[in-house]
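S.K.: run.tsv is reproduced below (TSV, C-alpha atoms (C1' of nucleotides)).
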```
chain	number	residue	atom	x	y	z
A	1	MET	CA	-21.49	-7.66	-13.10
A	2	VAL	CA	-19.74	-4.61	-14.46
A	3	GLU	CA	-18.18	-4.71	-17.87
A	4	PHE	CA	-14.90	-4.37	-16.14
A	5	TYR	CA	-13.83	-7.92	-16.62
A	6	PRO	CA	-13.89	-9.72	-19.96
A	7	SER	CA	-17.18	-11.47	-20.56
A	8	LYS	CA	-18.77	-13.31	-23.40
A	9	LYS	CA	-21.81	-11.10	-23.87
A	10	GLY	CA	-21.86	-10.21	-27.51
A	11	GLY	CA	-18.64	-11.94	-28.47
A	12	GLU	CA	-16.79	-15.17	-28.54
A	13	PRO	CA	-16.03	-16.89	-25.25
A	14	ILE	CA	-12.70	-15.20	-24.50
A	15	SER	CA	-12.45	-17.49	-21.53
A	16	ARG	CA	-8.84	-18.59	-21.44
A	17	ARG	CA	-7.04	-20.18	-18.54
A	18	TYR	CA	-3.55	-19.34	-17.41
A	19	THR	CA	-1.02	-21.26	-15.38
A	20	ILE	CA	0.82	-19.42	-12.68
A	21	THR	CA	4.00	-19.11	-14.72
A	22	GLU	CA	2.12	-17.72	-17.67
A	23	LEU	CA	0.80	-14.93	-15.50
A	24	THR	CA	4.19	-14.30	-13.92
A	25	GLN	CA	5.66	-13.89	-17.40
A	26	MET	CA	2.88	-11.58	-18.48
A	27	PHE	CA	3.38	-9.23	-15.59
A	28	ASP	CA	6.97	-9.89	-14.63
A	29	VAL	CA	6.22	-10.98	-11.10
A	30	THR	CA	7.15	-14.12	-9.18
A	31	PRO	CA	4.78	-16.97	-8.34
A	32	ARG	CA	5.18	-15.99	-4.72
A	33	THR	CA	3.59	-12.66	-5.48
A	34	LEU	CA	0.51	-14.22	-7.03
A	35	ARG	CA	0.22	-16.71	-4.17
A	36	HIS	CA	0.53	-13.83	-1.76
A	37	TYR	CA	-2.29	-11.97	-3.44
A	38	GLU	CA	-4.32	-15.12	-3.03
A	39	GLU	CA	-3.37	-15.44	0.64
A	40	VAL	CA	-4.74	-11.99	1.33
A	41	GLY	CA	-7.90	-12.70	-0.62
A	42	LEU	CA	-7.25	-10.66	-3.75
A	43	LEU	CA	-7.38	-13.68	-6.05
A	44	GLN	CA	-9.23	-16.97	-5.95
A	45	PRO	CA	-8.19	-19.01	-8.94
A	46	GLU	CA	-9.76	-22.40	-9.57
A	47	ARG	CA	-7.75	-25.54	-8.98
A	48	ARG	CA	-7.06	-28.44	-11.24
A	49	GLY	CA	-5.76	-30.96	-8.76
A	50	GLY	CA	-3.56	-28.85	-6.60
A	51	GLN	CA	-2.67	-26.53	-9.45
A	52	ARG	CA	-3.93	-23.01	-9.77
A	53	LEU	CA	-5.77	-22.02	-12.92
A	54	TYR	CA	-6.33	-18.32	-13.50
A	55	ASN	CA	-8.99	-16.97	-15.83
A	56	ASP	CA	-9.32	-13.62	-17.55
A	57	ARG	CA	-10.98	-12.02	-14.60
A	58	ASP	CA	-8.02	-13.01	-12.45
A	59	ARG	CA	-5.64	-11.66	-15.05
A	60	VAL	CA	-7.36	-8.30	-15.09
A	61	ARG	CA	-7.37	-8.20	-11.31
A	62	VAL	CA	-3.63	-8.81	-11.27
A	63	GLN	CA	-3.22	-5.93	-13.66
A	64	LEU	CA	-5.31	-3.66	-11.45
A	65	ILE	CA	-3.44	-4.76	-8.34
A	66	LEU	CA	-0.08	-4.02	-9.89
A	67	ARG	CA	-1.18	-0.63	-11.11
A	68	GLY	CA	-2.44	0.11	-7.63
A	69	ARG	CA	0.92	-0.83	-6.21
A	70	ARG	CA	2.73	1.42	-8.65
A	71	LEU	CA	0.48	4.24	-7.50
A	72	GLY	CA	1.47	3.64	-3.90
A	73	PHE	CA	-1.63	1.94	-2.57
A	74	SER	CA	-1.43	-0.84	-0.03
A	75	LEU	CA	-2.90	-4.22	-0.81
A	76	ALA	CA	-5.63	-3.46	1.71
A	77	GLU	CA	-6.59	-0.28	-0.11
A	78	ILE	CA	-6.51	-2.10	-3.42
A	79	ALA	CA	-8.78	-4.77	-1.97
A	80	GLU	CA	-11.23	-2.06	-0.98
A	81	MET	CA	-11.24	-0.62	-4.47
A	82	LEU	CA	-11.71	-4.00	-6.12
A	83	GLU	CA	-14.63	-4.57	-3.79
A	84	LEU	CA	-16.13	-1.37	-5.10
A	85	TYR	CA	-16.10	-2.84	-8.58
A	86	ASP	CA	-17.19	-6.29	-7.51
A	87	THR	CA	-19.96	-5.98	-5.00
A	88	ASP	CA	-23.24	-6.17	-6.80
A	89	PRO	CA	-25.20	-4.20	-4.22
A	90	THR	CA	-28.58	-5.69	-3.69
A	91	GLU	CA	-29.98	-3.35	-1.08
A	92	VAL	CA	-30.38	0.37	-1.48
A	93	ALA	CA	-28.57	1.01	1.76
A	94	GLN	CA	-25.59	-1.03	0.61
A	95	LEU	CA	-25.67	0.69	-2.75
A	96	ARG	CA	-25.52	4.04	-1.05
A	97	ASP	CA	-22.64	2.84	1.06
A	98	VAL	CA	-20.63	1.69	-1.93
A	99	LEU	CA	-21.29	5.00	-3.62
A	100	ARG	CA	-20.17	6.89	-0.56
A	101	ARG	CA	-16.97	4.91	-0.24
A	102	GLY	CA	-16.32	5.28	-3.93
A	103	ASP	CA	-16.72	9.02	-3.77
A	104	HIS	CA	-14.39	9.18	-0.82
A	105	ARG	CA	-11.76	7.25	-2.71
A	106	LEU	CA	-12.27	9.51	-5.68
A	107	ARG	CA	-11.60	12.60	-3.62
A	108	GLU	CA	-8.40	11.06	-2.29
A	109	ILE	CA	-7.29	10.23	-5.80
A	110	GLU	CA	-7.98	13.73	-7.02
A	111	GLN	CA	-6.00	15.07	-4.09
A	112	GLN	CA	-3.18	12.78	-5.08
A	113	MET	CA	-3.37	14.04	-8.65
A	114	GLU	CA	-3.03	17.61	-7.48
A	115	GLU	CA	0.01	16.80	-5.41
A	116	LEU	CA	1.54	14.89	-8.28
A	117	GLN	CA	0.85	17.83	-10.56
A	118	ALA	CA	2.57	20.16	-8.12
A	119	LEU	CA	5.59	17.89	-7.87
A	120	ARG	CA	5.76	17.72	-11.65
A	121	GLU	CA	5.75	21.48	-12.00
A	122	GLU	CA	8.46	21.88	-9.41
A	123	LEU	CA	10.62	19.41	-11.27
A	124	LEU	CA	9.95	21.24	-14.51
A	125	GLU	CA	11.00	24.54	-12.97
A	126	MET	CA	14.13	22.94	-11.64
A	127	ARG	CA	14.88	21.52	-15.05
A	128	ASP	CA	14.55	24.94	-16.62
A	129	ARG	CA	16.91	26.46	-14.10
A	130	LEU	CA	19.46	23.73	-14.64
A	131	GLN	CA	19.15	24.01	-18.39
A	132	GLN	CA	19.71	27.75	-18.08
A	133	ALA	CA	22.77	27.17	-15.94
A	134	LEU	CA	24.10	24.64	-18.44
A	135	ASN	CA	23.66	27.08	-21.31
A	136	GLU	CA	25.52	29.76	-19.35
A	137	LYS	CA	28.43	27.45	-18.71
A	138	LEU	CA	28.60	26.43	-22.34
A	139	LYS	CA	28.41	29.99	-23.63
A	140	GLY	CA	31.52	30.65	-25.64
A	141	SER	CA	33.56	27.93	-24.02
A	142	ASP	CA	32.24	25.12	-26.17
A	143	PRO	CA	30.28	26.25	-29.20
A	144	SER	CA	30.18	22.72	-30.64
B	1	MET	CA	20.78	27.72	-4.10
B	2	VAL	CA	17.37	27.36	-5.61
B	3	GLU	CA	14.50	29.53	-4.40
B	4	PHE	CA	12.94	26.36	-3.16
B	5	TYR	CA	13.66	26.97	0.46
B	6	PRO	CA	12.85	30.18	2.27
B	7	SER	CA	15.72	32.62	2.15
B	8	LYS	CA	16.31	36.18	3.14
B	9	LYS	CA	17.16	37.61	-0.28
B	10	GLY	CA	14.90	40.57	-0.67
B	11	GLY	CA	13.08	40.24	2.60
B	12	GLU	CA	13.30	40.02	6.34
B	13	PRO	CA	15.22	37.14	7.84
B	14	ILE	CA	12.40	34.60	8.00
B	15	SER	CA	14.83	32.35	9.81
B	16	ARG	CA	12.80	30.74	12.57
B	17	ARG	CA	13.76	27.70	14.57
B	18	TYR	CA	11.48	24.88	15.53
B	19	THR	CA	11.65	22.28	18.26
B	20	ILE	CA	10.87	18.72	17.38
B	21	THR	CA	7.41	18.84	18.91
B	22	GLU	CA	6.55	21.99	17.03
B	23	LEU	CA	7.27	20.21	13.80
B	24	THR	CA	5.38	17.09	14.83
B	25	GLN	CA	2.35	19.23	15.56
B	26	MET	CA	2.64	21.06	12.27
B	27	PHE	CA	2.66	17.91	10.24
B	28	ASP	CA	0.94	15.47	12.55
B	29	VAL	CA	3.82	13.05	12.78
B	30	THR	CA	5.66	11.57	15.75
B	31	PRO	CA	9.14	12.58	16.90
B	32	ARG	CA	10.25	9.11	15.94
B	33	THR	CA	9.38	9.86	12.34
B	34	LEU	CA	11.52	13.01	12.25
B	35	ARG	CA	14.38	11.21	13.93
B	36	HIS	CA	14.03	8.43	11.43
B	37	TYR	CA	14.27	10.88	8.56
B	38	GLU	CA	17.42	12.15	10.17
B	39	GLU	CA	18.80	8.63	10.58
B	40	VAL	CA	18.48	8.02	6.86
B	41	GLY	CA	20.04	11.38	6.05
B	42	LEU	CA	16.98	13.32	4.93
B	43	LEU	CA	17.34	15.93	7.68
B	44	GLN	CA	20.29	17.41	9.51
B	45	PRO	CA	18.98	19.85	12.09
B	46	GLU	CA	21.37	21.83	14.23
B	47	ARG	CA	21.78	21.02	17.87
B	48	ARG	CA	21.51	23.17	20.90
B	49	GLY	CA	23.09	20.96	23.50
B	50	GLY	CA	21.67	17.63	22.60
B	51	GLN	CA	18.44	19.16	21.36
B	52	ARG	CA	17.46	19.28	17.73
B	53	LEU	CA	16.64	22.66	16.23
B	54	TYR	CA	14.96	22.67	12.86
B	55	ASN	CA	15.00	25.68	10.57
B	56	ASP	CA	12.72	26.67	7.71
B	57	ARG	CA	14.67	24.65	5.22
B	58	ASP	CA	14.16	21.59	7.36
B	59	ARG	CA	10.47	22.35	7.67
B	60	VAL	CA	10.06	22.56	3.93
B	61	ARG	CA	11.97	19.34	3.50
B	62	VAL	CA	9.66	17.57	5.91
B	63	GLN	CA	6.75	18.86	3.89
B	64	LEU	CA	8.27	17.54	0.68
B	65	ILE	CA	9.09	14.21	2.28
B	66	LEU	CA	5.56	13.72	3.52
B	67	ARG	CA	4.08	14.63	0.18
B	68	GLY	CA	6.42	12.16	-1.44
B	69	ARG	CA	5.24	9.49	0.95
B	70	ARG	CA	1.61	10.22	0.19
B	71	LEU	CA	2.42	9.80	-3.48
B	72	GLY	CA	3.88	6.37	-2.80
B	73	PHE	CA	7.57	7.11	-3.07
B	74	SER	CA	10.10	5.41	-0.84
B	75	LEU	CA	12.36	7.45	1.38
B	76	ALA	CA	15.23	6.49	-0.91
B	77	GLU	CA	13.43	7.89	-3.94
B	78	ILE	CA	12.54	11.00	-2.02
B	79	ALA	CA	16.17	11.41	-1.06
B	80	GLU	CA	17.10	11.27	-4.73
B	81	MET	CA	14.60	13.95	-5.61
B	82	LEU	CA	15.71	16.23	-2.81
B	83	GLU	CA	19.24	15.81	-4.07
B	84	LEU	CA	18.05	17.04	-7.43
B	85	TYR	CA	16.94	20.26	-5.80
B	86	ASP	CA	19.93	20.56	-3.55
B	87	THR	CA	23.03	19.75	-5.50
B	88	ASP	CA	24.47	22.94	-6.84
B	89	PRO	CA	26.25	21.33	-9.75
B	90	THR	CA	29.63	22.83	-10.26
B	91	GLU	CA	30.83	20.83	-13.23
B	92	VAL	CA	29.12	20.63	-16.56
B	93	ALA	CA	29.21	16.85	-16.48
B	94	GLN	CA	27.53	16.79	-13.13
B	95	LEU	CA	24.99	19.33	-14.31
B	96	ARG	CA	24.16	17.12	-17.25
B	97	ASP	CA	23.83	14.16	-14.94
B	98	VAL	CA	21.39	15.92	-12.65
B	99	LEU	CA	19.39	17.03	-15.66
B	100	ARG	CA	19.27	13.50	-16.99
B	101	ARG	CA	18.14	12.05	-13.68
B	102	GLY	CA	15.56	14.78	-13.29
B	103	ASP	CA	14.13	14.09	-16.71
B	104	HIS	CA	13.96	10.41	-15.92
B	105	ARG	CA	12.05	11.11	-12.76
B	106	LEU	CA	9.78	13.43	-14.66
B	107	ARG	CA	8.87	10.73	-17.13
B	108	GLU	CA	8.07	8.35	-14.30
B	109	ILE	CA	5.87	10.94	-12.69
B	110	GLU	CA	4.02	11.59	-15.92
B	111	GLN	CA	3.51	7.86	-16.28
B	112	GLN	CA	2.12	7.79	-12.78
B	113	MET	CA	-0.22	10.66	-13.61
B	114	GLU	CA	-1.59	8.76	-16.58
B	115	GLU	CA	-2.25	5.68	-14.50
B	116	LEU	CA	-3.88	7.75	-11.82
B	117	GLN	CA	-6.01	9.43	-14.45
B	118	ALA	CA	-7.10	6.05	-15.76
B	119	LEU	CA	-7.99	4.84	-12.29
B	120	ARG	CA	-9.98	8.00	-11.70
B	121	GLU	CA	-11.98	7.55	-14.86
B	122	GLU	CA	-12.76	3.96	-14.02
B	123	LEU	CA	-14.02	5.01	-10.62
B	124	LEU	CA	-16.12	7.73	-12.23
B	125	GLU	CA	-17.69	5.24	-14.61
B	126	MET	CA	-18.43	2.93	-11.75
B	127	ARG	CA	-20.03	5.75	-9.83
B	128	ASP	CA	-22.27	6.57	-12.76
B	129	ARG	CA	-23.40	2.98	-13.05
B	130	LEU	CA	-24.12	2.76	-9.35
B	131	GLN	CA	-25.95	6.06	-9.40
B	132	GLN	CA	-28.02	4.79	-12.28
B	133	ALA	CA	-28.83	1.60	-10.40
B	134	LEU	CA	-29.78	3.59	-7.34
B	135	ASN	CA	-32.13	5.77	-9.34
B	136	GLU	CA	-33.78	2.69	-10.80
B	137	LYS	CA	-34.33	1.21	-7.39
B	138	LEU	CA	-35.82	4.43	-6.08
B	139	LYS	CA	-38.12	4.93	-9.06
B	140	GLY	CA	-41.64	5.09	-7.71
B	141	SER	CA	-40.89	3.25	-4.52
B	142	ASP	CA	-39.64	6.26	-2.60
B	143	PRO	CA	-40.32	9.62	-4.21
B	144	SER	CA	-39.14	11.54	-1.16
C	1	DC	C1'	18.04	24.63	43.56
C	2	DC	C1'	14.47	21.63	42.01
C	3	DC	C1'	11.40	19.23	39.38
C	4	DA	C1'	8.14	18.64	35.67
C	5	DA	C1'	8.14	18.83	30.86
C	6	DC	C1'	10.61	18.05	27.06
C	7	DG	C1'	14.20	15.74	24.57
C	8	DT	C1'	17.80	12.04	23.62
C	9	DT	C1'	19.79	7.57	22.66
C	10	DG	C1'	19.69	2.73	22.22
C	11	DA	C1'	17.39	-1.26	21.01
C	12	DC	C1'	13.97	-4.43	20.21
C	13	DG	C1'	9.03	-4.93	18.11
C	14	DT	C1'	5.59	-4.54	14.28
C	15	DT	C1'	3.39	-4.33	9.79
C	16	DT	C1'	3.45	-4.87	4.88
C	17	DA	C1'	4.80	-7.25	0.92
C	18	DC	C1'	6.88	-10.29	-0.53
C	19	DG	C1'	11.90	-13.53	-0.88
C	20	DT	C1'	13.81	-17.92	-0.23
C	21	DA	C1'	14.75	-22.52	0.91
C	22	DA	C1'	13.22	-27.33	1.87
C	23	DG	C1'	10.62	-30.97	1.09
C	24	DT	C1'	6.48	-32.98	-1.30
C	25	DT	C1'	3.00	-33.56	-5.39
C	26	DT	C1'	1.41	-33.38	-9.85
C	27	DA	C1'	1.67	-33.53	-14.81
C	28	DC	C1'	2.98	-34.96	-18.80
C	29	DA	C1'	6.93	-36.73	-22.48
C	30	DG	C1'	9.11	-40.59	-23.67
D	1	DC	C1'	6.01	-46.66	-15.80
D	2	DT	C1'	9.36	-43.27	-14.96
D	3	DG	C1'	11.98	-39.46	-14.78
D	4	DT	C1'	11.87	-34.41	-15.05
D	5	DA	C1'	9.83	-30.00	-15.07
D	6	DA	C1'	6.41	-27.35	-12.99
D	7	DA	C1'	3.68	-26.46	-9.01
D	8	DC	C1'	2.52	-26.88	-4.14
D	9	DT	C1'	2.81	-26.19	1.00
D	10	DT	C1'	5.21	-24.80	5.09
D	11	DA	C1'	7.81	-21.86	7.29
D	12	DC	C1'	11.33	-18.89	8.38
D	13	DG	C1'	13.83	-14.50	6.53
D	14	DT	C1'	14.04	-9.63	5.02
D	15	DA	C1'	13.73	-4.61	3.88
D	16	DA	C1'	11.32	-0.43	4.70
D	17	DA	C1'	9.26	2.72	7.78
D	18	DC	C1'	8.36	3.58	11.59
D	19	DG	C1'	6.27	2.15	16.91
D	20	DT	C1'	7.37	1.45	21.53
D	21	DC	C1'	9.50	1.02	25.66
D	22	DA	C1'	13.40	2.00	29.01
D	23	DA	C1'	16.71	4.71	30.86
D	24	DC	C1'	18.91	8.81	30.95
D	25	DG	C1'	20.04	14.01	29.99
D	26	DT	C1'	18.44	19.16	29.59
D	27	DT	C1'	16.09	23.20	30.73
D	28	DG	C1'	13.32	26.82	32.19
D	29	DG	C1'	9.94	28.66	35.75
D	30	DG	C1'	9.05	29.14	40.65
```
The structure given in the file should be rewritten as structure tokens.
M.R.:
Amino acid sequence: MVEFYPSKKGGEPISRRYTITELTQMFDVTPRTLRHYEEVGLLQPERRGGQRLYNDRDRVRVQLILRGRRLGFSLAEIAEMLELYDTDPTEVAQLRDVLRRGDHRLREIEQQMEELQALREELLEMRDRLQQALNEKLKGSDPS
Amino acid sequence: MVEFYPSKKGGEPISRRYTITELTQMFDVTPRTLRHYEEVGLLQPERRGGQRLYNDRDRVRVQLILRGRRLGFSLAEIAEMLELYDTDPTEVAQLRDVLRRGDHRLREIEQQMEELQALREELLEMRDRLQQALNEKLKGSDPS
DNA sequence: CCCAACGTTGACGTTTACGTAAGTTTACAG
DNA sequence: CTGTAAACTTACGTAAACGTCAACGTTGGG
């Protein structure tokens, strides 16, 4: 397994458990959201009785999911990316496949970064123009 | 008006007109999409008879809208940003307001860039690990 | 003038990502 | 044991962003 999720190798057993409301408070989401993520297969918490019990791995996954959402990815895309982390490819062919898909995703992300960069620069230019205009308007009329 | 949209100052009148299908082919979207953008107020093409006629400004706006969508923004957010470009603030107060909203959006975008950067680096690390694993598996067994 | 291609307006359908309400269970504090 | 808070399931509702007909208007070439 990747060192992506908290583990106990070389440390204390960080293995906590979280109730659903604890997680909702951590991430400011509703229980429905977490149950939804489970419905679509993004989470599989244990159960004590009927109750869900999330561990640290689940918590990190929630964090990754929410970041993905903020970045505009669909839950399906996020599932794909989490699979990239998770699948422990046993065959060479499968390994190659995961690598290929990962590289593809990487290119998309770098494309997205470029577009975001462009948007940022346009907004910066606009800000400069507006600032200029503001200074003009204030020139002499209000030297406070 | 900002130099954001094509204008004729200092050049030939670049003012072309586009039919709806021309635009759909340019951007690989359906007519329904462009009409939808019009429904929600993002576009206001002229009409010849009943027919829509888009100009260069419209074309650029479509481009900006689609980029916004790829970056995960909602049409409402995109509308806000286009307003930032468009509004030619006459009053100082309004100017200040546009500046404030633009700066807010800028901070959000920079936040988004950081998260995207983090995601990228995680994917890169994963790729390295997988590449490493692949090399191990191929060591000796297939020196092609 | 005619018709095929293009365009238009409703208006209902679909997908995604949850919201919300109702009714039922489970888990402890007292 | 018993109430009360927390959690659960089921199921219908919703907002956004279009998709998808159906039925009708427009227009330019022959």
S.K.: Using all atoms listed in the file, find each residue of chain A with at least one atom at most 9 Å away from an atom of chain C; report its shortest atom-to-atom pair and that distance in Å (one decimal), sort the rows by chain and rising residue number, and return the result as a tab-separated table.
M.R.:
```
residue	atom	partner	partner_atom	distance
A:Arg32	CA	C:DC18	C1'	7.3
A:Thr33	CA	C:DC18	C1'	6.4
A:His36	CA	C:DC18	C1'	7.4
A:Gly49	CA	C:DT26	C1'	7.6
A:Gly50	CA	C:DT26	C1'	7.5
A:Gln51	CA	C:DT26	C1'	8.0
A:Ser74	CA	C:DT16	C1'	8.0
A:Leu75	CA	C:DA17	C1'	8.5
```
S.K.: Closest to chain B among A:Ile78, A:Asp103, A:Ala93, A:Gly72, using only C-alpha atoms?
M.R.: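 So, comparing all the options, the nearest one is A:Gly72.
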S.K.: CA of Glu121 (chain B) and CA of Asn135 (chain B), how far apart in Å?
M.R.: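 Atom-to-atom, CA of Asn135 (chain B) and CA of Glu121 (chain B) are spaced 21.0 Å apart.
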S.K.: Go through chain A and flag each residue having an atom no more than 9 Å from chain B; for those, report the closest pair of atoms plus their distance in Å to one decimal, using all atoms listed in the file, ordered by chain and rising number, as CSV.
M.R.:
```
residue,atom,partner,partner_atom,distance
A:Val2,CA,B:Met126,CA,8.1
A:Phe4,CA,B:Glu122,CA,8.9
A:Leu64,CA,B:Leu119,CA,9.0
A:Arg67,CA,B:Glu115,CA,7.2
A:Gly68,CA,B:Leu119,CA,8.7
A:Arg69,CA,B:Gly72,CA,8.5
A:Arg70,CA,B:Gln112,CA,7.6
A:Leu71,CA,B:Gly72,CA,6.2
A:Gly72,CA,B:Gly72,CA,3.8
A:Phe73,CA,B:Gly72,CA,7.1
A:Met81,CA,B:Leu123,CA,8.8
A:Leu84,CA,B:Met126,CA,8.2
A:Tyr85,CA,B:Met126,CA,7.0
A:Pro89,CA,B:Leu130,CA,8.7
A:Glu91,CA,B:Lys137,CA,8.9
A:Val92,CA,B:Leu134,CA,6.7
A:Leu95,CA,B:Leu134,CA,6.8
A:Arg96,CA,B:Leu134,CA,7.6
A:Val98,CA,B:Leu130,CA,8.3
A:Leu99,CA,B:Arg127,CA,6.4
A:Gly102,CA,B:Arg127,CA,7.0
A:Asp103,CA,B:Arg127,CA,7.6
A:Arg105,CA,B:Leu123,CA,8.5
A:Leu106,CA,B:Arg120,CA,6.6
A:Ile109,CA,B:Arg120,CA,6.9
A:Glu110,CA,B:Arg120,CA,7.7
A:Gln112,CA,B:Leu71,CA,6.5
A:Met113,CA,B:Met113,CA,6.8
A:Glu115,CA,B:Arg67,CA,7.2
A:Leu116,CA,B:Met113,CA,7.0
A:Gln117,CA,B:Met113,CA,7.9
A:Leu119,CA,B:Ile109,CA,8.5
A:Arg120,CA,B:Leu106,CA,6.6
A:Glu122,CA,B:Phe4,CA,8.9
A:Leu123,CA,B:Leu106,CA,6.9
A:Leu124,CA,B:Leu106,CA,7.8
A:Met126,CA,B:Tyr85,CA,7.0
A:Arg127,CA,B:Leu99,CA,6.4
A:Arg129,CA,B:Val2,CA,8.5
A:Leu130,CA,B:Leu99,CA,6.8
A:Gln131,CA,B:Leu99,CA,7.5
A:Ala133,CA,B:Leu95,CA,8.3
A:Leu134,CA,B:Val92,CA,6.7
A:Lys137,CA,B:Val92,CA,7.2
A:Leu138,CA,B:Val92,CA,8.2
```
S.K.: So that I have them on file, write out the residues from the current selection with C-alpha atoms, as a tab-separated table (two decimals), in the coordinates of the input.
M.R.:
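Written file, part.tsv:
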```tsv
chain	number	residue	atom	x	y	z
A	2	VAL	CA	-19.74	-4.61	-14.46
A	4	PHE	CA	-14.90	-4.37	-16.14
A	64	LEU	CA	-5.31	-3.66	-11.45
A	67	ARG	CA	-1.18	-0.63	-11.11
A	68	GLY	CA	-2.44	0.11	-7.63
A	69	ARG	CA	0.92	-0.83	-6.21
A	70	ARG	CA	2.73	1.42	-8.65
A	71	LEU	CA	0.48	4.24	-7.50
A	72	GLY	CA	1.47	3.64	-3.90
A	73	PHE	CA	-1.63	1.94	-2.57
A	81	MET	CA	-11.24	-0.62	-4.47
A	84	LEU	CA	-16.13	-1.37	-5.10
A	85	TYR	CA	-16.10	-2.84	-8.58
A	89	PRO	CA	-25.20	-4.20	-4.22
A	91	GLU	CA	-29.98	-3.35	-1.08
A	92	VAL	CA	-30.38	0.37	-1.48
A	95	LEU	CA	-25.67	0.69	-2.75
A	96	ARG	CA	-25.52	4.04	-1.05
A	98	VAL	CA	-20.63	1.69	-1.93
A	99	LEU	CA	-21.29	5.00	-3.62
A	102	GLY	CA	-16.32	5.28	-3.93
A	103	ASP	CA	-16.72	9.02	-3.77
A	105	ARG	CA	-11.76	7.25	-2.71
A	106	LEU	CA	-12.27	9.51	-5.68
A	109	ILE	CA	-7.29	10.23	-5.80
A	110	GLU	CA	-7.98	13.73	-7.02
A	112	GLN	CA	-3.18	12.78	-5.08
A	113	MET	CA	-3.37	14.04	-8.65
A	115	GLU	CA	0.01	16.80	-5.41
A	116	LEU	CA	1.54	14.89	-8.28
A	117	GLN	CA	0.85	17.83	-10.56
A	119	LEU	CA	5.59	17.89	-7.87
A	120	ARG	CA	5.76	17.72	-11.65
A	122	GLU	CA	8.46	21.88	-9.41
A	123	LEU	CA	10.62	19.41	-11.27
A	124	LEU	CA	9.95	21.24	-14.51
A	126	MET	CA	14.13	22.94	-11.64
A	127	ARG	CA	14.88	21.52	-15.05
A	129	ARG	CA	16.91	26.46	-14.10
A	130	LEU	CA	19.46	23.73	-14.64
A	131	GLN	CA	19.15	24.01	-18.39
A	133	ALA	CA	22.77	27.17	-15.94
A	134	LEU	CA	24.10	24.64	-18.44
A	137	LYS	CA	28.43	27.45	-18.71
A	138	LEU	CA	28.60	26.43	-22.34
```
S.K.: Pick from D:DC1, D:DT14, D:DG28, D:DT9: nearest to chain A, with all atoms listed in the file counted?
M.R.: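 Between D:DC1, D:DT14, D:DG28, D:DT9, the residue approaching chain A most closely is D:DT9.
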S.K.: Which is closest to Tyr18 (chain B) among B:Asp56, B:Glu125, B:Glu136, B:Asp86, if we use only C-alpha atoms?
M.R.: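 Checking each candidate against Tyr18 (chain B), we get B:Asp56 as the closest.
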